[in-house]
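Visitor: Provided below: upload37.pdb, containing PDB, N, CA and C atoms.
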ATOM      1  N   MET N1461     -13.850 -16.632  34.194
ATOM      2  CA  MET N1461     -13.102 -15.973  35.242
ATOM      3  C   MET N1461     -13.773 -14.646  35.566
ATOM      4  N   CYS N1462     -13.973 -14.372  36.820
ATOM      5  CA  CYS N1462     -14.636 -13.148  37.257
ATOM      6  C   CYS N1462     -13.578 -12.142  37.700
ATOM      7  N   ARG N1463     -13.614 -10.946  37.098
ATOM      8  CA  ARG N1463     -12.607  -9.945  37.443
ATOM      9  C   ARG N1463     -13.186  -8.729  38.150
ATOM     10  N   SER N1464     -14.503  -8.584  38.172
ATOM     11  CA  SER N1464     -15.064  -7.367  38.736
ATOM     12  C   SER N1464     -15.664  -7.614  40.110
ATOM     13  N   ALA N1465     -15.583  -6.615  40.940
ATOM     14  CA  ALA N1465     -16.197  -6.700  42.264
ATOM     15  C   ALA N1465     -17.689  -6.443  42.137
ATOM     16  N   ARG N1466     -18.451  -6.992  43.033
ATOM     17  CA  ARG N1466     -19.904  -6.825  43.029
ATOM     18  C   ARG N1466     -20.312  -5.939  44.198
ATOM     19  N   PHE N1467     -21.322  -5.081  43.990
ATOM     20  CA  PHE N1467     -21.809  -4.199  45.030
ATOM     21  C   PHE N1467     -23.274  -4.493  45.324
ATOM     22  N   MET N1468     -23.694  -4.249  46.554
ATOM     23  CA  MET N1468     -25.075  -4.466  46.944
ATOM     24  C   MET N1468     -25.441  -3.432  48.000
ATOM     25  N   ILE N1469     -26.635  -2.867  47.925
ATOM     26  CA  ILE N1469     -27.109  -1.928  48.936
ATOM     27  C   ILE N1469     -27.615  -2.731  50.122
ATOM     28  N   ALA N1470     -27.226  -2.350  51.323
ATOM     29  CA  ALA N1470     -27.682  -3.027  52.541
ATOM     30  C   ALA N1470     -28.040  -1.969  53.576
ATOM     31  N   ASN N1471     -29.319  -1.806  53.862
ATOM     32  CA  ASN N1471     -29.859  -0.846  54.835
ATOM     33  C   ASN N1471     -29.142   0.498  54.829
ATOM     34  N   ALA N1472     -28.097   0.660  55.635
ATOM     35  CA  ALA N1472     -27.485   1.975  55.801
ATOM     36  C   ALA N1472     -26.205   2.173  55.006
ATOM     37  N   GLY N1473     -25.734   1.172  54.285
ATOM     38  CA  GLY N1473     -24.465   1.352  53.605
ATOM     39  C   GLY N1473     -24.321   0.469  52.394
ATOM     40  N   VAL N1474     -23.124   0.440  51.881
ATOM     41  CA  VAL N1474     -22.815  -0.381  50.716
ATOM     42  C   VAL N1474     -21.938  -1.536  51.176
ATOM     43  N   VAL N1475     -22.284  -2.722  50.759
ATOM     44  CA  VAL N1475     -21.502  -3.905  51.106
ATOM     45  C   VAL N1475     -20.800  -4.382  49.840
ATOM     46  N   LEU N1476     -19.538  -4.699  49.944
ATOM     47  CA  LEU N1476     -18.757  -5.186  48.812
ATOM     48  C   LEU N1476     -18.535  -6.676  48.997
ATOM     49  N   PHE N1477     -18.847  -7.437  47.955
ATOM     50  CA  PHE N1477     -18.537  -8.853  48.008
ATOM     51  C   PHE N1477     -17.966  -9.279  46.683
ATOM     52  N   GLY N1478     -17.108 -10.293  46.671
ATOM     53  CA  GLY N1478     -16.359 -10.652  45.487
ATOM     54  C   GLY N1478     -16.802 -11.916  44.793
ATOM     55  N   ALA N1479     -17.967 -12.407  45.069
ATOM     56  CA  ALA N1479     -18.415 -13.652  44.449
ATOM     57  C   ALA N1479     -18.807 -13.434  43.000
ATOM     58  N   CYS N1480     -18.478 -14.401  42.159
ATOM     59  CA  CYS N1480     -18.921 -14.376  40.775
ATOM     60  C   CYS N1480     -20.312 -14.975  40.723
ATOM     61  N   GLY N1481     -21.123 -14.496  39.848
ATOM     62  CA  GLY N1481     -22.478 -15.020  39.739
ATOM     63  C   GLY N1481     -23.293 -14.137  38.835
ATOM     64  N   PRO N1482     -24.593 -14.024  39.100
ATOM     65  CA  PRO N1482     -25.434 -13.180  38.256
ATOM     66  C   PRO N1482     -24.983 -11.725  38.318
ATOM     67  N   ARG N1483     -25.357 -10.970  37.301
ATOM     68  CA  ARG N1483     -25.000  -9.555  37.272
ATOM     69  C   ARG N1483     -25.555  -8.844  38.505
ATOM     70  N   PRO N1484     -24.832  -7.830  38.989
ATOM     71  CA  PRO N1484     -25.332  -7.087  40.145
ATOM     72  C   PRO N1484     -26.555  -6.269  39.758
ATOM     73  N   PRO N1485     -27.370  -5.905  40.730
ATOM     74  CA  PRO N1485     -28.533  -5.074  40.411
ATOM     75  C   PRO N1485     -28.097  -3.677  39.985
ATOM     76  N   VAL N1486     -28.953  -3.004  39.249
ATOM     77  CA  VAL N1486     -28.709  -1.628  38.843
ATOM     78  C   VAL N1486     -29.308  -0.733  39.913
ATOM     79  N   ILE N1487     -28.565   0.260  40.363
ATOM     80  CA  ILE N1487     -29.038   1.159  41.415
ATOM     81  C   ILE N1487     -29.332   2.504  40.779
ATOM     82  N   GLU N1488     -30.592   2.955  40.924
ATOM     83  CA  GLU N1488     -31.026   4.215  40.325
ATOM     84  C   GLU N1488     -31.485   5.179  41.408
ATOM     85  N   PRO N1489     -31.214   6.472  41.251
ATOM     86  CA  PRO N1489     -31.721   7.448  42.224
ATOM     87  C   PRO N1489     -33.240   7.550  42.128
ATOM     88  N   ALA N1490     -33.873   7.805  43.255
ATOM     89  CA  ALA N1490     -35.322   7.985  43.324
ATOM     90  C   ALA N1490     -35.601   9.091  44.340
ATOM     91  N   PRO N1491     -36.815   9.654  44.362
ATOM     92  CA  PRO N1491     -37.111  10.763  45.276
ATOM     93  C   PRO N1491     -36.851  10.449  46.749
ATOM     94  N   ASN N1492     -37.113   9.240  47.195
ATOM     95  CA  ASN N1492     -36.948   8.901  48.613
ATOM     96  C   ASN N1492     -35.827   7.900  48.847
ATOM     97  N   GLY N1493     -34.783   7.962  48.079
ATOM     98  CA  GLY N1493     -33.673   7.025  48.243
ATOM     99  C   GLY N1493     -33.241   6.473  46.904
ATOM    100  N   VAL N1494     -33.160   5.155  46.812
ATOM    101  CA  VAL N1494     -32.745   4.509  45.576
ATOM    102  C   VAL N1494     -33.695   3.388  45.217
ATOM    103  N   VAL N1495     -33.669   3.012  43.959
ATOM    104  CA  VAL N1495     -34.447   1.882  43.468
ATOM    105  C   VAL N1495     -33.448   0.864  42.937
ATOM    106  N   VAL N1496     -33.592  -0.380  43.350
ATOM    107  CA  VAL N1496     -32.716  -1.435  42.880
ATOM    108  C   VAL N1496     -33.509  -2.296  41.914
ATOM    109  N   ARG N1497     -32.973  -2.497  40.723
ATOM    110  CA  ARG N1497     -33.656  -3.324  39.730
ATOM    111  C   ARG N1497     -32.620  -4.181  39.026
ATOM    112  N   SER N1498     -33.082  -5.204  38.365
ATOM    113  CA  SER N1498     -32.176  -6.078  37.625
ATOM    114  C   SER N1498     -31.830  -5.445  36.283
ATOM    115  N   ALA N1499     -30.702  -5.834  35.741
ATOM    116  CA  ALA N1499     -30.303  -5.366  34.423
ATOM    117  C   ALA N1499     -31.291  -5.898  33.386
ATOM    118  N   ARG N1500     -31.641  -5.060  32.418
ATOM    119  CA  ARG N1500     -32.562  -5.480  31.356
ATOM    120  C   ARG N1500     -31.779  -6.206  30.279
ATOM    121  N   ILE N1501     -32.174  -7.445  30.004
ATOM    122  CA  ILE N1501     -31.547  -8.180  28.918
ATOM    123  C   ILE N1501     -32.573  -8.379  27.809
ATOM    124  N   GLY N1502     -32.080  -8.500  26.585
ATOM    125  CA  GLY N1502     -32.944  -8.640  25.429
ATOM    126  C   GLY N1502     -32.818  -7.420  24.528
ATOM    127  N   LEU N1503     -33.813  -7.227  23.671
ATOM    128  CA  LEU N1503     -33.786  -6.122  22.707
ATOM    129  C   LEU N1503     -34.218  -4.816  23.369
ATOM    130  N   TYR N1504     -33.256  -3.922  23.578
ATOM    131  CA  TYR N1504     -33.498  -2.618  24.191
ATOM    132  C   TYR N1504     -32.598  -1.580  23.537
ATOM    133  N   THR N1505     -32.939  -0.316  23.723
ATOM    134  CA  THR N1505     -32.070   0.782  23.332
ATOM    135  C   THR N1505     -31.352   1.249  24.583
ATOM    136  N   LYS N1506     -30.035   1.216  24.542
ATOM    137  CA  LYS N1506     -29.217   1.640  25.678
ATOM    138  C   LYS N1506     -28.043   2.463  25.171
ATOM    139  N   ALA N1507     -27.468   3.259  26.063
ATOM    140  CA  ALA N1507     -26.276   4.032  25.725
ATOM    141  C   ALA N1507     -25.045   3.137  25.843
ATOM    142  N   VAL N1508     -24.154   3.253  24.883
ATOM    143  CA  VAL N1508     -22.901   2.499  24.904
ATOM    144  C   VAL N1508     -21.948   3.210  25.866
ATOM    145  N   LEU N1509     -21.643   2.563  26.983
ATOM    146  CA  LEU N1509     -20.756   3.140  27.986
ATOM    147  C   LEU N1509     -19.303   3.056  27.527
ATOM    148  N   THR N1510     -18.944   1.897  26.984
ATOM    149  CA  THR N1510     -17.600   1.688  26.469
ATOM    150  C   THR N1510     -17.634   0.593  25.414
ATOM    151  N   LYS N1511     -16.552   0.453  24.679
ATOM    152  CA  LYS N1511     -16.453  -0.564  23.634
ATOM    153  C   LYS N1511     -15.220  -1.411  23.896
ATOM    154  N   LYS N1512     -15.320  -2.702  23.563
ATOM    155  CA  LYS N1512     -14.175  -3.607  23.703
ATOM    156  C   LYS N1512     -13.941  -4.289  22.366
ATOM    157  N   ASP N1513     -12.741  -4.084  21.813
ATOM    158  CA  ASP N1513     -12.402  -4.693  20.527
ATOM    159  C   ASP N1513     -12.524  -6.204  20.613
ATOM    160  N   PRO N1514     -12.962  -6.875  19.601
ATOM    161  CA  PRO N1514     -13.269  -6.362  18.274
ATOM    162  C   PRO N1514     -14.754  -6.130  18.027
ATOM    163  N   ASP N1515     -15.653  -6.515  18.977
ATOM    164  CA  ASP N1515     -17.072  -6.518  18.614
ATOM    165  C   ASP N1515     -18.056  -6.299  19.754
ATOM    166  N   THR N1516     -17.636  -5.761  20.904
ATOM    167  CA  THR N1516     -18.513  -5.743  22.071
ATOM    168  C   THR N1516     -18.778  -4.329  22.576
ATOM    169  N   PHE N1517     -20.069  -4.026  22.780
ATOM    170  CA  PHE N1517     -20.491  -2.795  23.450
ATOM    171  C   PHE N1517     -20.828  -3.149  24.896
ATOM    172  N   LEU N1518     -20.584  -2.229  25.827
ATOM    173  CA  LEU N1518     -20.942  -2.403  27.224
ATOM    174  C   LEU N1518     -21.856  -1.268  27.647
ATOM    175  N   ALA N1519     -23.006  -1.616  28.255
ATOM    176  CA  ALA N1519     -23.954  -0.612  28.748
ATOM    177  C   ALA N1519     -23.685  -0.347  30.231
ATOM    178  N   ASP N1520     -24.269   0.731  30.772
ATOM    179  CA  ASP N1520     -24.019   1.099  32.167
ATOM    180  C   ASP N1520     -24.597   0.112  33.177
ATOM    181  N   ASP N1521     -25.509  -0.766  32.756
ATOM    182  CA  ASP N1521     -26.064  -1.749  33.692
ATOM    183  C   ASP N1521     -25.290  -3.065  33.669
ATOM    184  N   GLY N1522     -24.150  -3.094  32.975
ATOM    185  CA  GLY N1522     -23.303  -4.273  32.958
ATOM    186  C   GLY N1522     -23.597  -5.263  31.845
ATOM    187  N   THR N1523     -24.608  -4.983  31.029
ATOM    188  CA  THR N1523     -24.922  -5.883  29.929
ATOM    189  C   THR N1523     -24.002  -5.599  28.748
ATOM    190  N   ILE N1524     -23.855  -6.615  27.876
ATOM    191  CA  ILE N1524     -23.019  -6.459  26.690
ATOM    192  C   ILE N1524     -23.839  -6.775  25.443
ATOM    193  N   CYS N1525     -23.356  -6.289  24.321
ATOM    194  CA  CYS N1525     -23.961  -6.576  23.028
ATOM    195  C   CYS N1525     -22.827  -6.790  22.035
ATOM    196  N   ARG N1526     -22.883  -7.895  21.321
ATOM    197  CA  ARG N1526     -21.876  -8.177  20.290
ATOM    198  C   ARG N1526     -22.454  -7.796  18.930
ATOM    199  N   VAL N1527     -21.649  -7.096  18.147
ATOM    200  CA  VAL N1527     -22.110  -6.557  16.868
ATOM    201  C   VAL N1527     -21.098  -6.853  15.764
ATOM    202  N   PRO N1528     -21.523  -6.717  14.499
ATOM    203  CA  PRO N1528     -20.574  -6.868  13.384
ATOM    204  C   PRO N1528     -19.496  -5.779  13.427
ATOM    205  N   ALA N1529     -18.362  -6.065  12.811
ATOM    206  CA  ALA N1529     -17.210  -5.160  12.844
ATOM    207  C   ALA N1529     -17.525  -3.759  12.331
ATOM    208  N   ASP N1530     -18.301  -3.647  11.238
ATOM    209  CA  ASP N1530     -18.601  -2.313  10.697
ATOM    210  C   ASP N1530     -19.481  -1.502  11.644
ATOM    211  N   ARG N1531     -20.435  -2.145  12.317
ATOM    212  CA  ARG N1531     -21.276  -1.434  13.285
ATOM    213  C   ARG N1531     -20.441  -1.014  14.495
ATOM    214  N   PHE N1532     -19.539  -1.874  14.942
ATOM    215  CA  PHE N1532     -18.649  -1.540  16.052
ATOM    216  C   PHE N1532     -17.818  -0.306  15.703
ATOM    217  N   ARG N1533     -17.231  -0.317  14.543
ATOM    218  CA  ARG N1533     -16.366   0.783  14.092
ATOM    219  C   ARG N1533     -17.134   2.096  13.956
ATOM    220  N   ASP N1534     -18.382   2.032  13.455
ATOM    221  CA  ASP N1534     -19.153   3.237  13.157
ATOM    222  C   ASP N1534     -19.971   3.772  14.331
ATOM    223  N   THR N1535     -19.945   3.126  15.490
ATOM    224  CA  THR N1535     -20.742   3.552  16.640
ATOM    225  C   THR N1535     -19.858   4.211  17.690
ATOM    226  N   PRO N1536     -20.033   5.519  17.917
ATOM    227  CA  PRO N1536     -19.239   6.189  18.954
ATOM    228  C   PRO N1536     -19.739   5.825  20.360
ATOM    229  N   VAL N1537     -18.858   5.959  21.338
ATOM    230  CA  VAL N1537     -19.230   5.759  22.738
ATOM    231  C   VAL N1537     -20.286   6.797  23.115
ATOM    232  N   HIS N1538     -21.198   6.439  24.012
ATOM    233  CA  HIS N1538     -22.300   7.262  24.521
ATOM    234  C   HIS N1538     -23.437   7.429  23.511
ATOM    235  N   THR N1539     -23.431   6.636  22.453
ATOM    236  CA  THR N1539     -24.516   6.639  21.472
ATOM    237  C   THR N1539     -25.597   5.669  21.930
ATOM    238  N   LEU N1540     -26.868   6.028  21.697
ATOM    239  CA  LEU N1540     -27.969   5.106  21.983
ATOM    240  C   LEU N1540     -28.011   4.053  20.884
ATOM    241  N   VAL N1541     -28.048   2.776  21.295
ATOM    242  CA  VAL N1541     -27.995   1.667  20.355
ATOM    243  C   VAL N1541     -29.105   0.675  20.676
ATOM    244  N   TYR N1542     -29.861   0.278  19.649
ATOM    245  CA  TYR N1542     -30.855  -0.782  19.782
ATOM    246  C   TYR N1542     -30.141  -2.096  19.505
ATOM    247  N   CYS N1543     -30.146  -3.001  20.491
ATOM    248  CA  CYS N1543     -29.330  -4.194  20.374
ATOM    249  C   CYS N1543     -29.906  -5.306  21.257
ATOM    250  N   ASN N1544     -29.450  -6.528  21.048
ATOM    251  CA  ASN N1544     -29.835  -7.662  21.887
ATOM    252  C   ASN N1544     -28.834  -7.751  23.050
ATOM    253  N   TRP N1545     -29.136  -7.073  24.146
ATOM    254  CA  TRP N1545     -28.237  -6.975  25.298
ATOM    255  C   TRP N1545     -28.296  -8.247  26.123
ATOM    256  N   GLN N1546     -27.142  -8.736  26.519
ATOM    257  CA  GLN N1546     -27.039  -9.973  27.319
ATOM    258  C   GLN N1546     -26.252  -9.733  28.581
TER
END
Any chance you could give the structure as structure tokens?
Guide:
Amino acid sequence: MCRSARFMIANAGVVLFGACGPRPPVIEPAPNGVVVRSARIGLYTKAVLTKKDPDTFLADDGTICRVPADRFRDTPVHTLVYCNWQ
């Protein structure tokens, strides 16, 4: 079940569409506008944006990482974590 809205940059504005599917692109600021790239999946170090009980970290690019209970408990939000992001 898809619960989140998806965003996409289109020429002069932002277009909102509600289709479920692949993760939305990550939008990053750049000197002459923005850069759109895909979310990085696999083994990376990312900041934990939020946590969802009992075992899931969420990064700012929409990827998640599932971890053992003790690592979940001992990792504060906004900490850089090396994990297998999916």
Visitor: Mind telling me what the PyMOL selection byres ((chain N and resi 1510) around 7) catches here, as a list of chain:residue names?
Guide: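 Here the PyMOL selection byres ((chain N and resi 1510) around 7) matches N:Ala1507, N:Val1508, N:Leu1509, N:Lys1511, N:Lys1512, N:Thr1516, N:Phe1517, N:Leu1518, N:Ala1519, N:Asp1520, N:Val1537, N:His1538.
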Visitor: If you keep N, CA and C atoms, can you produce a file of those selected residues as a short mmCIF file (atom, residue, chain, number, x, y, z; two decimals), keeping the file's coordinate frame?
Guide:
data_model
loop_
_atom_site.label_atom_id
_atom_site.label_comp_id
_atom_site.auth_asym_id
_atom_site.auth_seq_id
_atom_site.Cartn_x
_atom_site.Cartn_y
_atom_site.Cartn_z
N ALA N 1507 -27.47 3.26 26.06
CA ALA N 1507 -26.28 4.03 25.72
C ALA N 1507 -25.04 3.14 25.84
N VAL N 1508 -24.15 3.25 24.88
CA VAL N 1508 -22.90 2.50 24.90
C VAL N 1508 -21.95 3.21 25.87
N LEU N 1509 -21.64 2.56 26.98
CA LEU N 1509 -20.76 3.14 27.99
C LEU N 1509 -19.30 3.06 27.53
N LYS N 1511 -16.55 0.45 24.68
CA LYS N 1511 -16.45 -0.56 23.63
C LYS N 1511 -15.22 -1.41 23.90
N LYS N 1512 -15.32 -2.70 23.56
CA LYS N 1512 -14.18 -3.61 23.70
C LYS N 1512 -13.94 -4.29 22.37
N THR N 1516 -17.64 -5.76 20.90
CA THR N 1516 -18.51 -5.74 22.07
C THR N 1516 -18.78 -4.33 22.58
N PHE N 1517 -20.07 -4.03 22.78
CA PHE N 1517 -20.49 -2.80 23.45
C PHE N 1517 -20.83 -3.15 24.90
N LEU N 1518 -20.58 -2.23 25.83
CA LEU N 1518 -20.94 -2.40 27.22
C LEU N 1518 -21.86 -1.27 27.65
N ALA N 1519 -23.01 -1.62 28.26
CA ALA N 1519 -23.95 -0.61 28.75
C ALA N 1519 -23.68 -0.35 30.23
N ASP N 1520 -24.27 0.73 30.77
CA ASP N 1520 -24.02 1.10 32.17
C ASP N 1520 -24.60 0.11 33.18
N VAL N 1537 -18.86 5.96 21.34
CA VAL N 1537 -19.23 5.76 22.74
C VAL N 1537 -20.29 6.80 23.12
N HIS N 1538 -21.20 6.44 24.01
CA HIS N 1538 -22.30 7.26 24.52
C HIS N 1538 -23.44 7.43 23.51
#
Visitor: Quick one: distance from atom C of Asp1534 (chain N) to atom N of Ala1499 (chain N) in Å, one decimal?
Guide: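 Going from atom C of Asp1534 (chain N) over to atom N of Ala1499 (chain N), I get 25.8 Å.
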Visitor: Considering all atoms listed in the file, state which residue in the set N:Val1541, N:Thr1505, N:Pro1536, N:Gln1546 is at the smallest distance from Ile1524 (chain N).
Guide: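 Counting all atoms listed in the file, the residue closest to Ile1524 (chain N) is N:Gln1546.
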Visitor: Please, what distance in Å, to one decimal, runs between atom C of Arg1500 (chain N) and atom N of Asp1530 (chain N)?
Guide: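 Atom C of Arg1500 (chain N) sits 23.5 Å away from atom N of Asp1530 (chain N).
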Visitor: Evaluate the PyMOL selection byres (((chain N and resi 1528 and name CA) around 12) and name CA) here and jot the selected residues down as a ChimeraX atom specification.
Guide: /N:1513-1517,1525-1527,1529-1535,1543
Visitor: Extending 3 Å beyond the listed atoms of region 1524-1536 of chain N on each side, what axis-aligned box results? I want centre and edge lengths in Å to one decimal, as JSON.
Guide:
{"center_x": -20.2, "center_y": -1.0, "center_z": 19.3, "size_x": 13.6, "size_y": 20.4, "size_z": 23.2}
Visitor: For the atom pair atom N of Lys1506 (chain N) and atom C of Tyr1542 (chain N), what is the interatomic distance in Å to one decimal place?
Guide: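 We find that atom N of Lys1506 (chain N) and atom C of Tyr1542 (chain N) lie 6.0 Å from each other.
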